[in-house]
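Engineer: Sharing upload-v9.cif, mmCIF, C-alpha atoms:
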data_start
loop_
_atom_site.label_atom_id
_atom_site.label_comp_id
_atom_site.auth_asym_id
_atom_site.auth_seq_id
_atom_site.Cartn_x
_atom_site.Cartn_y
_atom_site.Cartn_z
CA MET C 1 25.39 -14.77 27.07
CA SER C 2 22.60 -15.38 24.60
CA SER C 3 21.68 -17.55 21.64
CA LYS C 4 20.05 -14.67 19.74
CA HIS C 5 23.06 -12.70 18.49
CA GLN C 6 22.60 -11.71 14.86
CA LEU C 7 24.55 -10.32 11.92
CA VAL C 8 23.26 -8.39 8.92
CA THR C 9 23.87 -9.83 5.48
CA PHE C 10 22.87 -8.66 2.02
CA VAL C 11 21.62 -10.51 -1.03
CA SER C 12 22.99 -8.23 -3.75
CA LEU C 13 25.17 -5.16 -4.25
CA LEU C 14 23.84 -2.22 -6.28
CA GLU C 15 26.55 0.06 -7.63
CA THR C 16 25.66 3.52 -8.93
CA ASN C 17 27.59 6.60 -7.84
CA LYS C 18 27.81 4.84 -4.48
CA PRO C 19 27.51 1.15 -3.60
CA TYR C 20 24.25 0.11 -1.93
CA LEU C 21 23.54 -3.11 -0.06
CA VAL C 22 20.20 -4.49 -1.24
CA ASN C 23 17.83 -6.92 0.50
CA CYS C 24 19.54 -6.93 3.89
CA VAL C 25 18.43 -9.66 6.30
CA ARG C 26 19.39 -10.79 9.79
CA ILE C 27 21.09 -14.14 10.27
CA PRO C 28 22.33 -16.04 13.37
CA ALA C 29 25.82 -14.81 14.19
CA LEU C 30 27.56 -17.95 15.46
CA GLN C 31 26.37 -20.35 12.77
CA SER C 32 27.02 -17.83 9.98
CA LEU C 33 30.56 -17.13 11.16
CA LEU C 34 31.29 -20.85 11.38
CA LEU C 35 30.09 -21.36 7.81
CA PHE C 36 31.47 -18.29 6.05
CA SER C 37 34.53 -16.97 7.93
CA ARG C 38 37.78 -16.95 6.01
CA SER C 39 39.69 -17.85 9.16
CA LEU C 40 38.62 -19.49 12.41
CA ASP C 41 40.90 -19.77 15.42
CA THR C 42 40.11 -21.69 18.62
CA ASN C 43 41.54 -22.36 22.05
CA GLY C 44 42.15 -25.82 23.49
CA ASP C 45 38.53 -26.74 24.29
CA CYS C 46 36.94 -24.68 21.46
CA SER C 47 34.99 -22.57 23.96
CA ARG C 48 36.63 -19.44 22.54
CA LEU C 49 36.56 -18.71 18.81
CA VAL C 50 37.93 -15.78 16.83
CA ALA C 51 36.51 -15.22 13.35
CA ASP C 52 38.61 -13.40 10.75
CA GLY C 53 40.93 -12.09 13.44
CA TRP C 54 38.56 -9.52 14.98
CA LEU C 55 35.28 -11.09 16.19
CA GLU C 56 35.48 -13.10 19.41
CA LEU C 57 32.88 -15.66 20.45
CA GLN C 58 32.79 -17.18 23.94
CA LEU C 59 30.64 -20.30 24.30
CA ALA C 60 29.34 -21.51 27.64
CA ASP C 61 29.22 -25.23 26.84
CA THR C 62 32.41 -26.87 25.58
CA GLU C 63 30.69 -29.94 24.12
CA SER C 64 28.18 -27.84 22.19
CA ALA C 65 31.02 -25.71 20.86
CA VAL C 66 32.96 -28.71 19.55
CA ARG C 67 29.83 -30.29 18.06
CA LEU C 68 28.92 -27.11 16.20
CA LEU C 69 32.48 -26.68 14.96
CA ALA C 70 32.65 -30.27 13.73
CA ALA C 71 29.24 -29.92 12.06
CA SER C 72 30.32 -26.71 10.33
CA LEU C 73 33.44 -28.42 8.96
CA ARG C 74 31.34 -31.24 7.55
CA LEU C 75 28.78 -28.86 6.03
CA ARG C 76 31.42 -26.60 4.51
CA ALA C 77 33.20 -29.57 2.94
CA HIS C 78 29.93 -30.98 1.57
CA TRP C 79 28.81 -27.58 0.29
CA GLU C 80 32.15 -26.86 -1.36
CA SER C 81 32.26 -30.29 -2.99
CA ALA C 82 28.76 -29.91 -4.42
CA LEU C 83 29.50 -26.41 -5.69
CA ASP C 84 32.80 -27.45 -7.29
CA ARG C 85 31.13 -30.34 -9.10
CA GLN C 86 28.32 -28.13 -10.34
CA LEU C 87 30.71 -25.43 -11.59
CA ALA C 88 32.93 -28.04 -13.24
CA HIS C 89 29.89 -29.51 -14.98
CA GLN C 90 28.85 -26.09 -16.28
CA ALA C 91 32.39 -25.38 -17.49
CA ARG C 92 32.58 -28.66 -19.40
CA ARG C 93 29.32 -27.89 -21.15
CA ARG C 94 30.82 -24.67 -22.51
CA LEU C 95 33.92 -26.33 -23.91
CA GLU C 96 33.50 -26.90 -27.63
CA ASP C 97 36.59 -29.03 -28.09
CA GLU C 98 35.73 -31.55 -25.36
CA GLU C 99 36.62 -35.12 -26.24
CA GLU C 100 33.65 -37.42 -26.66
CA GLU C 101 35.46 -40.37 -25.07
CA GLU C 102 35.95 -38.50 -21.81
CA GLU C 103 33.54 -39.71 -19.18
CA GLU C 104 31.63 -36.76 -17.78
CA GLU C 105 31.03 -36.61 -14.04
CA ALA C 106 27.39 -36.38 -13.07
CA PRO C 107 26.30 -33.00 -11.67
CA VAL C 108 24.80 -32.57 -8.24
CA ASN C 109 21.41 -34.26 -8.04
CA HIS C 110 18.32 -32.79 -6.42
CA LYS C 111 18.31 -35.27 -3.54
CA GLU C 112 21.80 -34.23 -2.51
CA VAL C 113 20.85 -30.55 -2.65
CA ALA C 114 17.70 -31.20 -0.61
CA ALA C 115 19.65 -33.16 2.02
CA LEU C 116 22.28 -30.43 2.28
CA SER C 117 19.56 -27.80 2.60
CA ARG C 118 17.92 -29.69 5.47
CA GLU C 119 21.24 -30.07 7.27
CA LEU C 120 22.02 -26.38 6.85
CA LEU C 121 18.59 -25.42 8.15
CA GLN C 122 18.99 -27.68 11.18
CA PHE C 123 22.45 -26.22 11.80
CA MET C 124 21.25 -22.61 11.56
CA THR C 125 18.40 -23.21 14.02
CA SER C 126 20.56 -24.80 16.72
CA LYS C 127 20.48 -22.99 20.07
CA VAL C 128 23.76 -22.36 21.90
CA SER C 129 24.46 -19.64 24.46
CA TYR C 130 27.47 -17.48 23.64
CA SER C 131 28.82 -13.94 23.77
CA LEU C 132 29.97 -11.88 20.80
CA ARG C 133 32.28 -8.88 20.81
CA ARG C 134 34.88 -7.10 18.74
CA LEU C 135 38.51 -7.44 19.77
CA THR C 136 40.50 -4.33 20.59
CA GLY C 137 43.67 -3.50 18.71
CA LEU C 138 45.88 -4.60 21.60
CA GLU C 139 44.03 -7.90 21.95
CA ALA C 140 44.38 -8.57 18.23
CA GLN C 141 48.14 -8.01 18.45
CA ASN C 142 48.50 -10.58 21.26
CA LEU C 143 46.00 -13.10 19.96
CA TYR C 144 48.11 -16.14 19.13
CA VAL C 145 50.46 -18.34 21.14
CA GLY C 146 53.02 -18.45 18.32
CA PRO C 147 55.07 -21.38 17.00
CA GLN C 148 55.49 -24.22 19.48
CA THR C 149 58.50 -26.40 20.15
CA ILE C 150 56.29 -29.50 20.51
CA THR C 151 54.91 -30.19 17.04
CA ALA C 152 53.10 -33.47 17.72
CA ALA C 153 49.46 -33.14 16.69
CA PRO C 154 46.76 -34.29 19.17
CA SER C 155 45.59 -37.85 18.57
CA LEU C 156 41.82 -37.36 18.39
CA PRO C 157 40.60 -39.25 15.31
CA GLY C 158 37.14 -38.26 14.17
CA LEU C 159 37.04 -34.96 16.08
CA PHE C 160 37.29 -32.85 12.93
CA GLY C 161 36.20 -35.40 10.36
CA ASN C 162 38.91 -36.74 8.06
CA SER C 163 41.14 -33.67 8.41
CA THR C 164 44.71 -34.25 9.59
CA PRO C 165 46.00 -31.45 11.86
CA SER C 166 49.49 -30.06 11.25
CA PRO C 167 51.41 -27.43 13.26
CA HIS C 168 50.75 -23.87 12.11
CA PRO C 169 54.05 -22.08 11.39
CA THR C 170 53.04 -18.61 12.63
CA LYS C 171 49.92 -18.76 14.80
CA GLY C 172 50.88 -21.87 16.72
CA GLY C 173 48.38 -24.60 17.38
CA TYR C 174 47.35 -26.92 14.56
CA ALA C 175 46.01 -26.12 11.11
CA VAL C 176 43.02 -28.42 10.58
CA THR C 177 41.85 -26.94 7.26
CA ASP C 178 42.80 -23.92 5.18
CA PHE C 179 40.53 -21.76 7.37
CA LEU C 180 40.54 -23.47 10.81
CA THR C 181 43.44 -23.36 13.26
CA TYR C 182 42.91 -25.33 16.46
CA ASN C 183 44.37 -24.37 19.88
CA CYS C 184 46.27 -21.29 18.69
CA LEU C 185 44.64 -18.64 20.91
CA THR C 186 46.25 -17.37 24.08
CA SER C 187 44.24 -18.13 27.21
CA ASP C 188 44.26 -17.27 30.90
CA ALA C 189 42.71 -20.62 31.82
CA ASP C 190 44.38 -23.25 33.93
CA LEU C 191 47.10 -25.09 32.01
CA TYR C 192 45.73 -28.42 33.23
CA SER C 193 42.06 -27.73 32.44
CA ASP C 194 42.30 -29.42 29.03
CA CYS C 195 43.64 -32.60 30.63
CA LEU C 196 40.96 -33.05 33.31
CA ARG C 197 38.89 -36.17 32.72
CA THR C 198 35.58 -37.30 34.15
CA PHE C 199 33.93 -40.70 33.91
CA TRP C 200 31.56 -40.95 30.98
CA THR C 201 29.47 -43.74 29.45
CA CYS C 202 28.97 -43.89 25.69
CA PRO C 203 25.23 -44.01 24.91
CA HIS C 204 25.90 -46.23 21.88
CA CYS C 205 28.46 -48.88 22.85
CA GLY C 206 28.40 -48.61 26.66
CA LEU C 207 32.09 -47.69 27.00
CA HIS C 208 32.72 -46.33 30.52
CA MET C 209 36.00 -44.54 31.17
CA PRO C 210 37.39 -41.09 32.12
CA LEU C 211 37.59 -38.79 29.10
CA THR C 212 37.93 -35.10 28.34
CA PRO C 213 35.08 -33.38 26.45
CA LEU C 214 37.11 -33.47 23.23
CA GLU C 215 37.85 -37.18 23.66
CA ARG C 216 34.16 -37.91 24.30
CA ILE C 217 33.08 -36.22 21.07
CA ALA C 218 35.91 -37.86 19.12
CA HIS C 219 34.74 -41.26 20.39
CA GLU C 220 31.10 -40.57 19.49
CA ASN C 221 32.13 -39.57 15.96
CA THR C 222 34.01 -42.85 15.47
CA CYS C 223 31.90 -45.19 17.62
CA PRO C 224 31.04 -48.32 15.58
CA GLU C 225 27.69 -48.65 17.36
CA ALA C 226 26.57 -45.07 16.58
CA PRO C 227 23.61 -44.69 14.18
CA GLN C 228 24.60 -43.89 10.62
CA GLY C 229 21.51 -41.91 9.64
CA GLY C 230 22.95 -38.53 10.60
CA PRO C 231 25.67 -36.75 12.53
CA PRO C 232 26.38 -37.87 16.12
CA GLY C 233 24.04 -36.27 18.60
CA ALA C 234 21.44 -35.43 15.97
CA GLU C 235 18.77 -37.29 17.90
CA GLU C 236 19.42 -35.29 21.05
CA ALA C 237 19.71 -32.00 19.17
CA ALA C 238 16.50 -32.39 17.18
CA PRO C 239 14.12 -29.65 18.27
CA GLU C 240 10.76 -30.64 19.68
CA PRO C 241 7.70 -29.52 17.72
CA PRO C 242 6.37 -26.32 19.30
CA GLN C 243 2.95 -26.40 20.88
CA LYS C 244 0.29 -24.17 19.42
CA ALA C 245 -0.09 -21.26 21.82
CA SER C 246 -3.41 -19.82 22.89
CA ALA C 247 -4.45 -16.97 25.16
CA LEU C 248 -6.55 -19.40 27.23
CA GLN C 249 -3.78 -21.90 27.78
CA LYS C 250 -1.86 -22.02 31.04
CA PRO C 251 0.75 -24.35 32.55
CA TYR C 252 -0.73 -27.44 34.15
CA HIS C 253 1.05 -30.19 36.11
CA CYS C 254 -0.74 -33.53 36.29
CA GLU C 255 -0.17 -35.31 39.60
CA ALA C 256 -1.36 -38.62 38.17
CA CYS C 257 1.09 -38.92 35.27
CA GLN C 258 3.69 -36.44 36.58
CA LYS C 259 3.82 -34.46 33.33
CA ASP C 260 3.63 -30.76 32.50
CA PHE C 261 1.24 -29.44 29.86
CA LEU C 262 -0.01 -26.20 28.37
CA PHE C 263 -3.79 -26.64 28.50
CA THR C 264 -6.98 -24.62 28.37
CA PRO C 265 -9.50 -25.21 31.21
CA THR C 266 -11.50 -27.52 28.96
CA GLU C 267 -8.41 -29.52 28.07
CA ILE C 268 -7.52 -29.82 31.76
CA LEU C 269 -10.92 -31.37 32.52
CA ARG C 270 -10.64 -33.69 29.53
CA HIS C 271 -7.18 -34.81 30.65
CA ARG C 272 -8.34 -35.44 34.23
CA ARG C 273 -11.09 -37.76 32.98
CA GLN C 274 -8.42 -40.00 31.43
CA HIS C 275 -7.16 -40.90 34.92
CA VAL C 276 -10.60 -41.61 36.43
#
Now that the file is in, can you turn its structure into structure tokens?

Structural biologist:
Amino acid sequence: MSSKHQLVTFVSLLETNKPYLVNCVRIPALQSLLLFSRSLDTNGDCSRLVADGWLELQLADTESAVRLLAASLRLRAHWESALDRQLAHQARRRLEDEEEEEEEEAPVNHKEVAALSRELLQFMTSKVSYSLRRLTGLEAQNLYVGPQTITAAPSLPGLFGNSTPSPHPTKGGYAVTDFLTYNCLTSDADLYSDCLRTFWTCPHCGLHMPLTPLERIAHENTCPEAPQGGPPGAEEAAPEPPQKASALQKPYHCEACQKDFLFTPTEILRHRRQHV
């Protein structure tokens, strides 16, 4: 498993006698598939994802998988809403017979675009270990569990935002959005693995009780004591500023303050004087 899987995307398509992909660049595979796939299918704990019915992603950490999936749903909804409003605004400007009394909706402002850009950048730079492979033809034929007799949707408010899951008629599982189907993939895992709970304490409200990973994330998303400045877990997921590397620097552990540093010999002496 690795966090460095990449896909190749193109900026424009040049058509002459043959089509040519122009300005090809590499992009992170997992984050790009979560943002742009036409269909996303998951298993019960979201550790296994299938994008567009042929690319399988296996994630090592269940909580990271659910957090990324929930973040991608929020970003896709925000992005689509902003794009729809901008396109609607442009269309109204072209209409010559538009009524003057009709109140025109304001287009997307620059602050909203800047905030969305920052969130997308933070999402694309997140580090999660996963594997990526193409499904075989036989695996693609036996991919889904099929329609289920029990149609009650799981009661996990806040797990996937404001979306209301409904049973999928063909794949099985639950259709969360028009592109995401939850818990529809066949799995060889233990049937009781999704029900196992461990004691957990909420870092915001102090709630201490046994919960599954999905229930923990659903609680964090709806916790009344959680900070409102960003998505849950944003503080923990924020990357630390990288230290400026140098050929003279080497790892140094200070016995006085019990901290690890990357110092040059001069910086080591300067740091030691602080404890004298």

Engineer: Name all residues at most 10 Å from C:His253 (count all atoms listed in the file; drop same-chain ones fewer than 6 positions away) and give them as a list in words.

Structural biologist: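 Here the answer would be Lys259, Asp260, Phe261, Leu262, Phe263 and Ile268 of chain C.
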
Engineer: Would you mind exporting C-alpha atoms of the selected residues as a PDB file, keeping the file's coordinate frame?

Structural biologist:
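Output file again-v3.pdb follows:
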ATOM      1  CA  LYS C 259       3.820 -34.460  33.330  1.00  0.00           C
ATOM      2  CA  ASP C 260       3.630 -30.760  32.500  1.00  0.00           C
ATOM      3  CA  PHE C 261       1.240 -29.440  29.860  1.00  0.00           C
ATOM      4  CA  LEU C 262      -0.010 -26.200  28.370  1.00  0.00           C
ATOM      5  CA  PHE C 263      -3.790 -26.640  28.500  1.00  0.00           C
ATOM      6  CA  ILE C 268      -7.520 -29.820  31.760  1.00  0.00           C
TER       7      ILE C 268
END

Engineer: Of the candidates C:Ala51, C:Cys184, C:Glu225, C:Pro265, which shows the shortest atom-to-atom distance to C:Arg134, using only C-alpha atoms?

Structural biologist: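 Selected residue with least distance to C:Arg134: C:Ala51.
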
Engineer: Quick check on the file I pasted: which residues fall under the PyMOL selection byres ((chain C and resi 50) around 12)? Write them as a PDB file with C-alpha atoms, in the frame of the given file.

Structural biologist:
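Everything below was put into selection_11.pdb:
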ATOM      1  CA  LEU C  30      27.560 -17.950  15.460  1.00  0.00           C
ATOM      2  CA  LEU C  33      30.560 -17.130  11.160  1.00  0.00           C
ATOM      3  CA  LEU C  34      31.290 -20.850  11.380  1.00  0.00           C
ATOM      4  CA  SER C  37      34.530 -16.970   7.930  1.00  0.00           C
ATOM      5  CA  ARG C  38      37.780 -16.950   6.010  1.00  0.00           C
ATOM      6  CA  SER C  39      39.690 -17.850   9.160  1.00  0.00           C
ATOM      7  CA  LEU C  40      38.620 -19.490  12.410  1.00  0.00           C
ATOM      8  CA  ASP C  41      40.900 -19.770  15.420  1.00  0.00           C
ATOM      9  CA  THR C  42      40.110 -21.690  18.620  1.00  0.00           C
ATOM     10  CA  ASN C  43      41.540 -22.360  22.050  1.00  0.00           C
ATOM     11  CA  CYS C  46      36.940 -24.680  21.460  1.00  0.00           C
ATOM     12  CA  SER C  47      34.990 -22.570  23.960  1.00  0.00           C
ATOM     13  CA  ARG C  48      36.630 -19.440  22.540  1.00  0.00           C
ATOM     14  CA  LEU C  49      36.560 -18.710  18.810  1.00  0.00           C
ATOM     15  CA  ALA C  51      36.510 -15.220  13.350  1.00  0.00           C
ATOM     16  CA  ASP C  52      38.610 -13.400  10.750  1.00  0.00           C
ATOM     17  CA  GLY C  53      40.930 -12.090  13.440  1.00  0.00           C
ATOM     18  CA  TRP C  54      38.560  -9.520  14.980  1.00  0.00           C
ATOM     19  CA  LEU C  55      35.280 -11.090  16.190  1.00  0.00           C
ATOM     20  CA  GLU C  56      35.480 -13.100  19.410  1.00  0.00           C
ATOM     21  CA  LEU C  57      32.880 -15.660  20.450  1.00  0.00           C
ATOM     22  CA  GLN C  58      32.790 -17.180  23.940  1.00  0.00           C
ATOM     23  CA  LEU C  59      30.640 -20.300  24.300  1.00  0.00           C
ATOM     24  CA  SER C 131      28.820 -13.940  23.770  1.00  0.00           C
ATOM     25  CA  LEU C 132      29.970 -11.880  20.800  1.00  0.00           C
ATOM     26  CA  ARG C 133      32.280  -8.880  20.810  1.00  0.00           C
ATOM     27  CA  ARG C 134      34.880  -7.100  18.740  1.00  0.00           C
ATOM     28  CA  LEU C 135      38.510  -7.440  19.770  1.00  0.00           C
ATOM     29  CA  GLU C 139      44.030  -7.900  21.950  1.00  0.00           C
ATOM     30  CA  ALA C 140      44.380  -8.570  18.230  1.00  0.00           C
ATOM     31  CA  LEU C 143      46.000 -13.100  19.960  1.00  0.00           C
ATOM     32  CA  TYR C 144      48.110 -16.140  19.130  1.00  0.00           C
ATOM     33  CA  PHE C 179      40.530 -21.760   7.370  1.00  0.00           C
ATOM     34  CA  LEU C 180      40.540 -23.470  10.810  1.00  0.00           C
ATOM     35  CA  THR C 181      43.440 -23.360  13.260  1.00  0.00           C
ATOM     36  CA  TYR C 182      42.910 -25.330  16.460  1.00  0.00           C
ATOM     37  CA  ASN C 183      44.370 -24.370  19.880  1.00  0.00           C
ATOM     38  CA  CYS C 184      46.270 -21.290  18.690  1.00  0.00           C
ATOM     39  CA  LEU C 185      44.640 -18.640  20.910  1.00  0.00           C
ATOM     40  CA  THR C 186      46.250 -17.370  24.080  1.00  0.00           C
TER      41      THR C 186
END

Engineer: C:Asn221, C:Thr264, C:Thr125, C:Gln86: which is nearest C:His110, counting all atoms listed in the file?

Structural biologist: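 Nearest to C:His110: C:Gln86.
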
Engineer: In Å, how far is it from atom CA of C:Arg197 to atom CA of C:Ser126?

Structural biologist: 26.9 Å

Engineer: Out of C:Pro107, C:Tyr20, C:Tyr130, C:Gln6, which residue has the shortest atom-to-atom distance to C:Arg85 when counting only C-alpha atoms?

Structural biologist: C:Pro107

Engineer: So that I can check the surroundings of C:Glu267, please list as an MDAnalysis selection string every protein, DNA and RNA residue that reaches within 12 Å of it, counting all atoms listed in the file and ignoring chain neighbours fewer than 6 positions away.

Structural biologist: chainID C and resid 248:252 254 261 273:274

Engineer: Rank nothing, just name the residue among C:Asn142, C:Ser117, C:Ser129, C:Thr198 nearest to C:Pro28, using only C-alpha atoms.

Structural biologist: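 Of C:Asn142, C:Ser117, C:Ser129, C:Thr198, the one nearest C:Pro28, counting only C-alpha atoms, is C:Ser129.
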
Engineer: Just the number, please: distance in Å from atom CA of C:His168 to atom CA of C:Leu83, one decimal.

Structural biologist: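 That distance, rounded to one decimal, is 27.8 Å.
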
Engineer: Let me know the residues the PyMOL selection byres ((chain C and resi 35) around 8) catches in the file above, as an NGL selection string.

Structural biologist: :C and (31-34 or 36-37 or 72-73 or 75-76)

Engineer: For the atom pair atom CA of C:Ser187 and atom CA of C:Ala65, what is the interatomic distance in Å to one decimal place?

Structural biologist: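 Rounded to one decimal, the two atoms are 16.5 Å apart.
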